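Heads up, protein21.pdb below (PDB, C-alpha atoms and all ligand atoms):
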```
ATOM      1  CA  MET A   1      75.181 120.538 170.560
ATOM      2  CA  THR A   2      77.736 119.771 167.864
ATOM      3  CA  MET A   3      80.519 122.125 166.870
ATOM      4  CA  ILE A   4      78.825 122.827 163.549
ATOM      5  CA  VAL A   5      75.536 123.723 165.218
ATOM      6  CA  ARG A   6      77.321 125.988 167.703
ATOM      7  CA  ASN A   7      79.253 127.645 164.875
ATOM      8  CA  LEU A   8      76.086 128.137 162.837
ATOM      9  CA  GLN A   9      74.417 129.878 165.726
ATOM     10  CA  GLN A  10      77.445 132.148 166.145
ATOM     11  CA  VAL A  11      77.362 133.031 162.461
ATOM     12  CA  ARG A  12      73.644 133.827 162.685
ATOM     13  CA  ASP A  13      74.424 136.066 165.655
ATOM     14  CA  ARG A  14      77.129 137.836 163.639
ATOM     15  CA  ILE A  15      74.641 138.403 160.815
ATOM     16  CA  THR A  16      71.982 139.742 163.182
ATOM     17  CA  THR A  17      74.449 142.057 164.916
ATOM     18  CA  ALA A  18      75.783 143.346 161.596
ATOM     19  CA  CYS A  19      72.247 143.960 160.328
ATOM     20  CA  MET A  20      71.310 145.893 163.439
ATOM     21  CA  ALA A  21      74.484 147.972 163.194
ATOM     22  CA  ALA A  22      73.612 148.763 159.582
ATOM     23  CA  GLY A  23      69.942 149.480 160.312
ATOM     24  CA  ARG A  24      68.837 146.488 158.245
ATOM     25  CA  LYS A  25      66.424 143.658 158.959
ATOM     26  CA  PRO A  26      68.202 140.340 159.716
ATOM     27  CA  ASP A  27      65.748 138.568 157.387
ATOM     28  CA  ASP A  28      67.116 140.541 154.447
ATOM     29  CA  VAL A  29      70.426 138.665 154.551
ATOM     30  CA  HIS A  30      70.473 134.995 153.574
ATOM     31  CA  LEU A  31      73.133 132.623 154.822
ATOM     32  CA  LEU A  32      74.705 130.252 152.317
ATOM     33  CA  ALA A  33      76.661 127.543 154.152
ATOM     34  CA  VAL A  34      79.701 126.715 152.018
ATOM     35  CA  SER A  35      80.269 123.003 152.548
ATOM     36  CA  LYS A  36      83.048 122.460 149.992
ATOM     37  CA  THR A  37      85.639 119.865 151.094
ATOM     38  CA  PHE A  38      83.374 118.725 153.952
ATOM     39  CA  GLY A  39      81.330 115.544 153.793
ATOM     40  CA  ALA A  40      77.617 114.877 153.626
ATOM     41  CA  ASP A  41      77.646 114.305 157.399
ATOM     42  CA  ALA A  42      78.591 117.963 157.938
ATOM     43  CA  VAL A  43      75.698 119.066 155.720
ATOM     44  CA  ILE A  44      73.327 116.813 157.678
ATOM     45  CA  GLU A  45      74.424 118.429 160.947
ATOM     46  CA  ALA A  46      73.806 121.908 159.603
ATOM     47  CA  MET A  47      70.477 120.795 158.156
ATOM     48  CA  SER A  48      69.471 119.472 161.591
ATOM     49  CA  ASP A  49      69.744 123.040 162.865
ATOM     50  CA  GLY A  50      67.578 124.439 160.097
ATOM     51  CA  GLN A  51      70.182 125.408 157.492
ATOM     52  CA  ARG A  52      68.797 124.843 153.996
ATOM     53  CA  ALA A  53      71.107 126.577 151.494
ATOM     54  CA  PHE A  54      74.518 125.064 150.744
ATOM     55  CA  GLY A  55      77.321 126.198 148.446
ATOM     56  CA  GLU A  56      79.751 123.970 146.570
ATOM     57  CA  ASN A  57      82.789 124.932 144.478
ATOM     58  CA  TYR A  58      83.735 121.664 142.840
ATOM     59  CA  ILE A  59      81.084 120.205 140.575
ATOM     60  CA  ALA A  60      81.764 116.481 140.993
ATOM     61  CA  GLU A  61      82.076 116.803 144.759
ATOM     62  CA  GLY A  62      78.916 118.886 144.936
ATOM     63  CA  VAL A  63      76.854 116.460 142.857
ATOM     64  CA  GLU A  64      78.027 113.568 144.993
ATOM     65  CA  LYS A  65      76.864 115.403 148.132
ATOM     66  CA  ILE A  66      73.543 116.393 146.568
ATOM     67  CA  LEU A  67      72.851 112.730 145.777
ATOM     68  CA  ALA A  68      74.040 111.601 149.210
ATOM     69  CA  LEU A  69      71.672 114.045 150.906
ATOM     70  CA  ARG A  70      68.790 112.948 148.714
ATOM     71  CA  ALA A  71      69.462 109.309 149.648
ATOM     72  CA  PHE A  72      69.747 110.259 153.323
ATOM     73  CA  GLN A  73      66.456 112.116 153.233
ATOM     74  CA  SER A  74      64.556 109.352 151.460
ATOM     75  CA  ALA A  75      65.884 106.792 153.967
ATOM     76  CA  GLN A  76      64.383 108.784 156.866
ATOM     77  CA  PRO A  77      61.021 107.512 158.119
ATOM     78  CA  ALA A  78      58.278 109.685 156.659
ATOM     79  CA  GLN A  79      56.567 111.919 159.189
ATOM     80  CA  PRO A  80      52.916 112.412 158.344
ATOM     81  CA  GLY A  81      52.287 115.945 157.215
ATOM     82  CA  VAL A  82      55.965 116.931 157.375
ATOM     83  CA  PRO A  83      57.690 117.061 153.977
ATOM     84  CA  PRO A  84      61.466 116.503 153.931
ATOM     85  CA  ALA A  85      63.507 119.696 154.221
ATOM     86  CA  ALA A  86      63.888 121.318 150.802
ATOM     87  CA  LEU A  87      67.592 121.910 150.379
ATOM     88  CA  GLU A  88      68.896 124.570 148.015
ATOM     89  CA  TRP A  89      72.223 123.891 146.318
ATOM     90  CA  HIS A  90      74.348 126.731 144.954
ATOM     91  CA  CYS A  91      77.250 126.214 142.586
ATOM     92  CA  ILE A  92      79.801 128.922 143.476
ATOM     93  CA  GLY A  93      82.910 127.628 141.693
ATOM     94  CA  PRO A  94      84.156 127.931 138.114
ATOM     95  CA  VAL A  95      82.010 126.070 135.557
ATOM     96  CA  GLN A  96      83.726 124.723 132.438
ATOM     97  CA  SER A  97      81.685 123.898 129.332
ATOM     98  CA  ASN A  98      82.027 120.162 129.844
ATOM     99  CA  LYS A  99      80.450 120.452 133.328
ATOM    100  CA  THR A 100      77.379 122.513 132.482
ATOM    101  CA  ARG A 101      75.111 119.501 132.065
ATOM    102  CA  LEU A 102      75.908 118.127 135.528
ATOM    103  CA  VAL A 103      75.332 121.559 137.021
ATOM    104  CA  ALA A 104      72.062 122.107 135.134
ATOM    105  CA  GLU A 105      70.772 118.720 136.228
ATOM    106  CA  HIS A 106      71.589 118.968 139.935
ATOM    107  CA  PHE A 107      71.983 122.475 141.282
ATOM    108  CA  ASP A 108      69.301 125.066 142.074
ATOM    109  CA  TRP A 109      71.519 128.134 141.707
ATOM    110  CA  VAL A 110      74.728 129.003 139.859
ATOM    111  CA  GLN A 111      76.453 132.118 141.223
ATOM    112  CA  SER A 112      79.615 131.890 139.142
ATOM    113  CA  VAL A 113      78.391 132.577 135.600
ATOM    114  CA  ASP A 114      80.700 134.966 133.788
ATOM    115  CA  ARG A 115      80.291 134.056 130.095
ATOM    116  CA  LEU A 116      77.292 133.939 127.784
ATOM    117  CA  LYS A 117      78.293 130.569 126.383
ATOM    118  CA  ILE A 118      78.100 128.939 129.814
ATOM    119  CA  ALA A 119      74.729 130.552 130.505
ATOM    120  CA  GLN A 120      73.383 129.349 127.143
ATOM    121  CA  ARG A 121      74.477 125.797 127.830
ATOM    122  CA  LEU A 122      72.964 125.860 131.334
ATOM    123  CA  SER A 123      69.668 127.074 129.889
ATOM    124  CA  GLU A 124      69.651 124.451 127.108
ATOM    125  CA  GLN A 125      70.584 121.637 129.462
ATOM    126  CA  ARG A 126      68.213 122.483 132.325
ATOM    127  CA  PRO A 127      65.813 119.528 132.494
ATOM    128  CA  PRO A 128      62.215 120.583 131.733
ATOM    129  CA  HIS A 129      60.800 119.002 134.897
ATOM    130  CA  LEU A 130      62.908 121.282 137.106
ATOM    131  CA  PRO A 131      62.227 124.939 137.909
ATOM    132  CA  PRO A 132      64.472 127.442 136.114
ATOM    133  CA  LEU A 133      68.050 127.664 137.325
ATOM    134  CA  GLN A 134      68.628 130.753 139.495
ATOM    135  CA  ILE A 135      71.649 132.713 138.297
ATOM    136  CA  CYS A 136      74.088 135.271 139.636
ATOM    137  CA  LEU A 137      76.749 136.778 137.416
ATOM    138  CA  GLN A 138      80.189 136.766 138.984
ATOM    139  CA  VAL A 139      81.836 140.179 138.760
ATOM    140  CA  ASN A 140      85.590 140.677 138.961
ATOM    141  CA  ILE A 141      85.297 143.810 141.038
ATOM    142  CA  ASP A 142      88.948 144.467 141.826
ATOM    143  CA  GLY A 143      90.436 143.460 138.502
ATOM    144  CA  GLY A 144      92.372 140.476 139.840
ATOM    145  CA  ALA A 145      94.075 139.207 136.680
ATOM    146  CA  ASN A 146      93.723 135.490 137.331
ATOM    147  CA  LYS A 147      90.261 135.677 138.741
ATOM    148  CA  SER A 148      87.040 134.608 137.164
ATOM    149  CA  GLY A 149      84.280 137.116 136.769
ATOM    150  CA  VAL A 150      83.043 139.517 134.140
ATOM    151  CA  ALA A 151      84.636 142.978 134.137
ATOM    152  CA  PRO A 152      82.246 145.611 135.523
ATOM    153  CA  GLY A 153      82.237 147.381 132.152
ATOM    154  CA  GLU A 154      80.946 144.259 130.410
ATOM    155  CA  LEU A 155      78.394 143.291 133.011
ATOM    156  CA  GLN A 156      75.404 145.127 131.600
ATOM    157  CA  ALA A 157      75.703 143.564 128.140
ATOM    158  CA  LEU A 158      76.074 140.070 129.588
ATOM    159  CA  ALA A 159      73.177 140.566 132.005
ATOM    160  CA  GLY A 160      70.928 141.767 129.206
ATOM    161  CA  GLU A 161      71.520 138.547 127.273
ATOM    162  CA  VAL A 162      71.409 136.120 130.214
ATOM    163  CA  ALA A 163      68.160 137.644 131.476
ATOM    164  CA  HIS A 164      66.404 136.497 128.315
ATOM    165  CA  LEU A 165      67.499 132.859 128.290
ATOM    166  CA  PRO A 166      64.419 130.696 128.772
ATOM    167  CA  ASN A 167      65.376 128.270 131.537
ATOM    168  CA  LEU A 168      67.289 130.691 133.734
ATOM    169  CA  VAL A 169      66.231 133.429 136.125
ATOM    170  CA  LEU A 170      68.823 136.145 136.601
ATOM    171  CA  ARG A 171      68.764 136.959 140.323
ATOM    172  CA  GLY A 172      71.837 139.070 140.951
ATOM    173  CA  ILE A 173      75.587 139.346 141.098
ATOM    174  CA  MET A 174      78.315 137.684 143.108
ATOM    175  CA  ALA A 175      81.777 138.990 143.961
ATOM    176  CA  ILE A 176      84.858 137.610 145.695
ATOM    177  CA  PRO A 177      87.144 140.590 146.304
ATOM    178  CA  GLU A 178      90.724 140.129 147.460
ATOM    179  CA  PRO A 179      91.048 140.082 151.275
ATOM    180  CA  ALA A 180      91.097 143.623 152.674
ATOM    181  CA  ILE A 181      93.312 144.800 155.531
ATOM    182  CA  ASP A 182      90.498 146.082 157.720
ATOM    183  CA  PHE A 183      86.788 146.814 157.978
ATOM    184  CA  VAL A 184      87.014 150.179 156.250
ATOM    185  CA  ALA A 185      88.956 148.798 153.298
ATOM    186  CA  ALA A 186      86.575 145.835 153.015
ATOM    187  CA  CYS A 187      83.587 148.199 153.020
ATOM    188  CA  ALA A 188      85.150 150.259 150.231
ATOM    189  CA  LEU A 189      85.506 147.171 148.040
ATOM    190  CA  HIS A 190      82.022 145.901 148.775
ATOM    191  CA  ALA A 191      80.615 149.371 148.111
ATOM    192  CA  ARG A 192      81.981 149.115 144.569
ATOM    193  CA  THR A 193      80.099 145.859 144.021
ATOM    194  CA  ARG A 194      76.986 147.456 145.495
ATOM    195  CA  ALA A 195      77.314 150.381 143.087
ATOM    196  CA  VAL A 196      77.613 148.030 140.104
ATOM    197  CA  PHE A 197      74.521 146.166 141.330
ATOM    198  CA  ASP A 198      72.508 149.375 141.724
ATOM    199  CA  GLN A 199      73.587 150.627 138.288
ATOM    200  CA  LEU A 200      72.506 147.384 136.691
ATOM    201  CA  ASN A 201      69.101 147.571 138.344
ATOM    202  CA  ALA A 202      68.746 151.192 137.258
ATOM    203  CA  SER A 203      69.879 150.505 133.690
ATOM    204  CA  GLY A 204      66.510 149.408 132.390
ATOM    205  CA  VAL A 205      67.999 146.497 130.404
ATOM    206  CA  LEU A 206      66.541 143.813 132.693
ATOM    207  CA  PRO A 207      62.988 142.477 132.686
ATOM    208  CA  LEU A 208      63.112 141.783 136.447
ATOM    209  CA  ARG A 209      64.676 143.613 139.355
ATOM    210  CA  LEU A 210      67.734 141.814 140.720
ATOM    211  CA  ASP A 211      67.269 140.898 144.379
ATOM    212  CA  THR A 212      70.513 139.094 145.182
ATOM    213  CA  LEU A 213      73.804 140.769 146.007
ATOM    214  CA  SER A 214      76.024 137.865 147.011
ATOM    215  CA  MET A 215      79.102 139.108 148.849
ATOM    216  CA  GLY A 216      80.810 138.511 152.185
ATOM    217  CA  MET A 217      82.523 135.405 153.543
ATOM    218  CA  THR A 218      83.862 134.366 156.970
ATOM    219  CA  ALA A 219      86.373 137.200 157.221
ATOM    220  CA  ASP A 220      84.315 140.085 155.880
ATOM    221  CA  LEU A 221      80.624 139.363 156.336
ATOM    222  CA  GLU A 222      80.112 142.403 158.593
ATOM    223  CA  ALA A 223      81.595 144.735 155.975
ATOM    224  CA  ALA A 224      79.538 143.083 153.243
ATOM    225  CA  ILE A 225      76.307 143.466 155.211
ATOM    226  CA  HIS A 226      77.199 147.073 155.960
ATOM    227  CA  SER A 227      77.522 147.579 152.200
ATOM    228  CA  GLY A 228      74.203 145.984 151.273
ATOM    229  CA  SER A 229      74.880 142.261 150.834
ATOM    230  CA  THR A 230      71.740 140.114 150.699
ATOM    231  CA  MET A 231      73.600 136.800 150.778
ATOM    232  CA  VAL A 232      76.748 135.926 152.682
ATOM    233  CA  ARG A 233      78.631 132.751 151.759
ATOM    234  CA  VAL A 234      80.260 131.307 154.868
ATOM    235  CA  GLY A 235      82.426 128.202 155.024
ATOM    236  CA  THR A 236      85.210 128.326 157.608
ATOM    237  CA  ALA A 237      83.190 129.906 160.431
ATOM    238  CA  ILE A 238      80.606 127.097 160.158
ATOM    239  CA  PHE A 239      82.486 123.959 159.188
ATOM    240  CA  GLY A 240      86.029 124.795 160.312
ATOM    241  CA  GLY A 241      89.318 125.324 158.474
ATOM    242  CA  ARG A 242      89.964 123.579 155.188
TER     243      ARG A 242
HETATM  244  C1  LIG B 301      85.200 128.982 149.808
HETATM  245  C2  LIG B 301      84.294 130.071 149.371
HETATM  246  C3  LIG B 301      83.523 130.791 150.302
HETATM  247  C4  LIG B 301      83.607 130.578 151.798
HETATM  248  O1  LIG B 301      84.802 131.127 152.300
HETATM  249  P1  LIG B 301      85.129 131.146 153.869
HETATM  250  O2  LIG B 301      86.210 132.150 153.977
HETATM  251  O3  LIG B 301      85.560 129.770 154.242
HETATM  252  O4  LIG B 301      83.903 131.567 154.586
HETATM  253  C5  LIG B 301      82.639 131.736 149.802
HETATM  254  N1  LIG B 301      82.526 131.975 148.484
HETATM  255  C6  LIG B 301      83.249 131.309 147.571
HETATM  256  C7  LIG B 301      83.059 131.623 146.126
HETATM  257  C8  LIG B 301      84.166 130.355 147.981
HETATM  258  O5  LIG B 301      84.908 129.733 147.067
END
```
Any chance you could put this one into structure tokens?
Amino acid sequence: MTMIVRNLQQVRDRITTACMAAGRKPDDVHLLAVSKTFGADAVIEAMSDGQRAFGENYIAEGVEKILALRAFQSAQPAQPGVPPAALEWHCIGPVQSNKTRLVAEHFDWVQSVDRLKIAQRLSEQRPPHLPPLQICLQVNIDGGANKSGVAPGELQALAGEVAHLPNLVLRGIMAIPEPAIDFVAACALHARTRAVFDQLNASGVLPLRLDTLSMGMTADLEAAIHSGSTMVRVGTAIFGGR
């Protein structure tokens, strides 16, 4: 068993334990393996153990890996009746206007949308032969001045507009709070994101119910799951330090 496979299994155990502690079903929390800075070989190892969803922060690096994995998969001998694993690629880093086309053409999800202009470009540039791009709005939950993310007070207006763009499906929100000193403090921060998520769903401005609350990383996934996360984004605990 490789280190990555062993780590993945430990992370799955952490998720299961946290779900049980919170009285939730382990299936309700999806694991996004954040492979940024690691090579295609690391993704292949994780894929060999059944991991399908991968997160990338840097667009050029992510696209390179997406293409490398596609080449790897098409070079594998076809097994009758067994389609190649369908990987799901999530863009979780800042997206500048001049990168929207690359993102729209290669990724399946974008979790870091925080401006209407970027969402509009992603919708316009999504190739017609691909399914709609799945979107989370990034929320700046703790007001970090230099951080990306829409302010909670502006979230509802942005969500209302993004939800109606034709080639996107608004799935939820994503937050990256500052590191907290302990479990209780981390839960308090995540609870704020949860409240914003619930308010948005209750607001009546959206055509579809949001089902994705993306919060929790290596250090705080237990607190995030306690607070209602449906997707944890884990890099270090799977692939090692960067
Ligand atoms: C790097 C990154 C992660 C993973 O962080 P780890 O602490 O390594 O688990 C999750 N989300 C985002 C947005 C990131 O940039």
Residues of chain A within 9 Å of ligand LIG 301 (chain B): nearest atom pair and distance (Å, one decimal) for each, counting only C-alpha atoms and all ligand atoms, sorted by chain and number, as CSV?
```
residue,atom,partner,partner_atom,distance
A:Leu32,CA,B:LIG301,C5,8.5
A:Ala33,CA,B:LIG301,C4,7.9
A:Val34,CA,B:LIG301,C4,5.5
A:Ser35,CA,B:LIG301,C1,8.2
A:Lys36,CA,B:LIG301,C1,6.9
A:Gly55,CA,B:LIG301,N1,7.8
A:Glu56,CA,B:LIG301,O5,7.7
A:Asn57,CA,B:LIG301,O5,5.9
A:Cys91,CA,B:LIG301,C7,8.7
A:Ile92,CA,B:LIG301,C7,5.0
A:Gly93,CA,B:LIG301,C7,6.0
A:Pro94,CA,B:LIG301,C7,8.9
A:Gln111,CA,B:LIG301,C7,8.2
A:Ser112,CA,B:LIG301,C7,7.8
A:Met174,CA,B:LIG301,C7,8.3
A:Ala175,CA,B:LIG301,C7,7.8
A:Ile176,CA,B:LIG301,C7,6.3
A:Ser214,CA,B:LIG301,N1,8.9
A:Met215,CA,B:LIG301,N1,7.9
A:Gly216,CA,B:LIG301,C5,7.4
A:Met217,CA,B:LIG301,O4,4.2
A:Thr218,CA,B:LIG301,O4,3.7
A:Ala219,CA,B:LIG301,O2,6.0
A:Asp220,CA,B:LIG301,O2,8.4
A:Leu221,CA,B:LIG301,O4,8.6
A:Val232,CA,B:LIG301,C5,7.8
A:Arg233,CA,B:LIG301,C5,4.6
A:Val234,CA,B:LIG301,O4,3.7
A:Gly235,CA,B:LIG301,O3,3.6
A:Thr236,CA,B:LIG301,O3,3.7
A:Ala237,CA,B:LIG301,O4,6.1
A:Ile238,CA,B:LIG301,O4,7.9
A:Phe239,CA,B:LIG301,O3,8.2
A:Gly240,CA,B:LIG301,O3,7.9
A:Gly241,CA,B:LIG301,O3,7.2
A:Arg242,CA,B:LIG301,O3,7.7
```
Kindly export the residues of the current selection with C-alpha atoms, as a PDB file, keeping the file's coordinate frame.
```
ATOM      1  CA  LEU A  32      74.705 130.252 152.317  1.00  0.00           C
ATOM      2  CA  ALA A  33      76.661 127.543 154.152  1.00  0.00           C
ATOM      3  CA  VAL A  34      79.701 126.715 152.018  1.00  0.00           C
ATOM      4  CA  SER A  35      80.269 123.003 152.548  1.00  0.00           C
ATOM      5  CA  LYS A  36      83.048 122.460 149.992  1.00  0.00           C
ATOM      6  CA  GLY A  55      77.321 126.198 148.446  1.00  0.00           C
ATOM      7  CA  GLU A  56      79.751 123.970 146.570  1.00  0.00           C
ATOM      8  CA  ASN A  57      82.789 124.932 144.478  1.00  0.00           C
ATOM      9  CA  CYS A  91      77.250 126.214 142.586  1.00  0.00           C
ATOM     10  CA  ILE A  92      79.801 128.922 143.476  1.00  0.00           C
ATOM     11  CA  GLY A  93      82.910 127.628 141.693  1.00  0.00           C
ATOM     12  CA  PRO A  94      84.156 127.931 138.114  1.00  0.00           C
ATOM     13  CA  GLN A 111      76.453 132.118 141.223  1.00  0.00           C
ATOM     14  CA  SER A 112      79.615 131.890 139.142  1.00  0.00           C
ATOM     15  CA  MET A 174      78.315 137.684 143.108  1.00  0.00           C
ATOM     16  CA  ALA A 175      81.777 138.990 143.961  1.00  0.00           C
ATOM     17  CA  ILE A 176      84.858 137.610 145.695  1.00  0.00           C
ATOM     18  CA  SER A 214      76.024 137.865 147.011  1.00  0.00           C
ATOM     19  CA  MET A 215      79.102 139.108 148.849  1.00  0.00           C
ATOM     20  CA  GLY A 216      80.810 138.511 152.185  1.00  0.00           C
ATOM     21  CA  MET A 217      82.523 135.405 153.543  1.00  0.00           C
ATOM     22  CA  THR A 218      83.862 134.366 156.970  1.00  0.00           C
ATOM     23  CA  ALA A 219      86.373 137.200 157.221  1.00  0.00           C
ATOM     24  CA  ASP A 220      84.315 140.085 155.880  1.00  0.00           C
ATOM     25  CA  LEU A 221      80.624 139.363 156.336  1.00  0.00           C
ATOM     26  CA  VAL A 232      76.748 135.926 152.682  1.00  0.00           C
ATOM     27  CA  ARG A 233      78.631 132.751 151.759  1.00  0.00           C
ATOM     28  CA  VAL A 234      80.260 131.307 154.868  1.00  0.00           C
ATOM     29  CA  GLY A 235      82.426 128.202 155.024  1.00  0.00           C
ATOM     30  CA  THR A 236      85.210 128.326 157.608  1.00  0.00           C
ATOM     31  CA  ALA A 237      83.190 129.906 160.431  1.00  0.00           C
ATOM     32  CA  ILE A 238      80.606 127.097 160.158  1.00  0.00           C
ATOM     33  CA  PHE A 239      82.486 123.959 159.188  1.00  0.00           C
ATOM     34  CA  GLY A 240      86.029 124.795 160.312  1.00  0.00           C
ATOM     35  CA  GLY A 241      89.318 125.324 158.474  1.00  0.00           C
ATOM     36  CA  ARG A 242      89.964 123.579 155.188  1.00  0.00           C
TER      37      ARG A 242
END
```
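In this structure, atom CA of A:Ala119 sits 16.7 Å away from atom CA of A:Leu210.
Pairwise distance (atom CA of A:Tyr58, atom CA of A:Glu124) equals 21.3 Å.
When atom CA of A:Val169 is paired with atom CA of A:His90, their separation reads 13.7 Å.
Considering the residues A:Pro77, A:Pro26, A:Pro207, A:Pro166 and counting only C-alpha atoms, A:Gln125 has its shortest atom-to-atom contact with A:Pro166.
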Review point. Which one is closest to A:Leu165: A:Cys136, A:Leu122, A:Ile181, A:Ala202? Count all atoms listed in the file.
Key: A:Leu122
Check your understanding: So which residues get picked by the PyMOL selection byres (((chain A and resi 147) around 12) and not hetatm) here, written as a PyMOL selection string?
Key -> chain A and resi 93-94+112+114+138-146+148-151+175-178
When the PyMOL selection byres (((chain A and resi 25) around 12) and not hetatm) is applied to the file above, which residues end up in the set, as a compact mmCIF listing (two decimals) with C-alpha atoms, in the frame of the given file?
```txt
# COMPACT_ATOMS: atom_id res chain seq x y z
CA ILE A 15 74.64 138.40 160.82
CA THR A 16 71.98 139.74 163.18
CA THR A 17 74.45 142.06 164.92
CA ALA A 18 75.78 143.35 161.60
CA CYS A 19 72.25 143.96 160.33
CA MET A 20 71.31 145.89 163.44
CA ALA A 21 74.48 147.97 163.19
CA ALA A 22 73.61 148.76 159.58
CA GLY A 23 69.94 149.48 160.31
CA ARG A 24 68.84 146.49 158.24
CA PRO A 26 68.20 140.34 159.72
CA ASP A 27 65.75 138.57 157.39
CA ASP A 28 67.12 140.54 154.45
CA VAL A 29 70.43 138.66 154.55
CA HIS A 30 70.47 135.00 153.57
CA ILE A 225 76.31 143.47 155.21
CA HIS A 226 77.20 147.07 155.96
CA GLY A 228 74.20 145.98 151.27
CA SER A 229 74.88 142.26 150.83
CA THR A 230 71.74 140.11 150.70
```
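If all atoms listed in the file are the atoms counted, then among A:Gln120, A:Asn167, A:Thr37, A:Thr100 the closest residue to A:Leu133 is A:Asn167.
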Exercise for review: Fewer than 3 positions away in the same chain doesn't count, so skip those; otherwise give me all residues within 12 Å of A:Ile44, counting all atoms listed in the file, as a list in words.
Suggested key: Thr2, Ile4, Val5, Ala33, Ser35, Phe38, Gly39, Ala40, Asp41, Met47, Ser48, Asp49, Gly50, Gln51, Arg52, Ala53, Phe54, Lys65, Ile66, Ala68, Leu69, Arg70, Ala71, Phe72, Gln73, Ala85, Leu87 and Phe239 of chain A
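In this comparison, which uses all atoms listed in the file, the residue of A:Ala104, A:Ile173, A:Ala159, A:Leu130 approaching A:Val63 most closely is A:Ala104.
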Around all the atoms of stretch 61-79 of chain A listed in the file, draw an axis-aligned box and extend it by 8 Å on each of the six sides; I want its centre and edge lengths in Å to one decimal, as AutoDock Vina command-line options.
```
--center_x 69.3 --center_y 112.8 --center_z 151.0 --size_x 41.5 --size_y 28.1 --size_z 32.3
```
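Nearest to A:Leu213 of all the residues A:Leu137, A:Ala180, A:Met231, A:Leu31 is A:Met231, based on only C-alpha atoms.
Using only C-alpha atoms, the shortest contact distance between A:Asp198 and any of A:Leu168, A:Val43, A:Arg115, A:Gln156 is found at A:Gln156.
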Practice item. Tell me which residues the PyMOL selection byres (((chain A and resi 184) around 12) and not hetatm) grabs here, as a VMD selection string. Key: chain A and resid 179 to 183 185 to 191 220 222 to 224 226 to 227
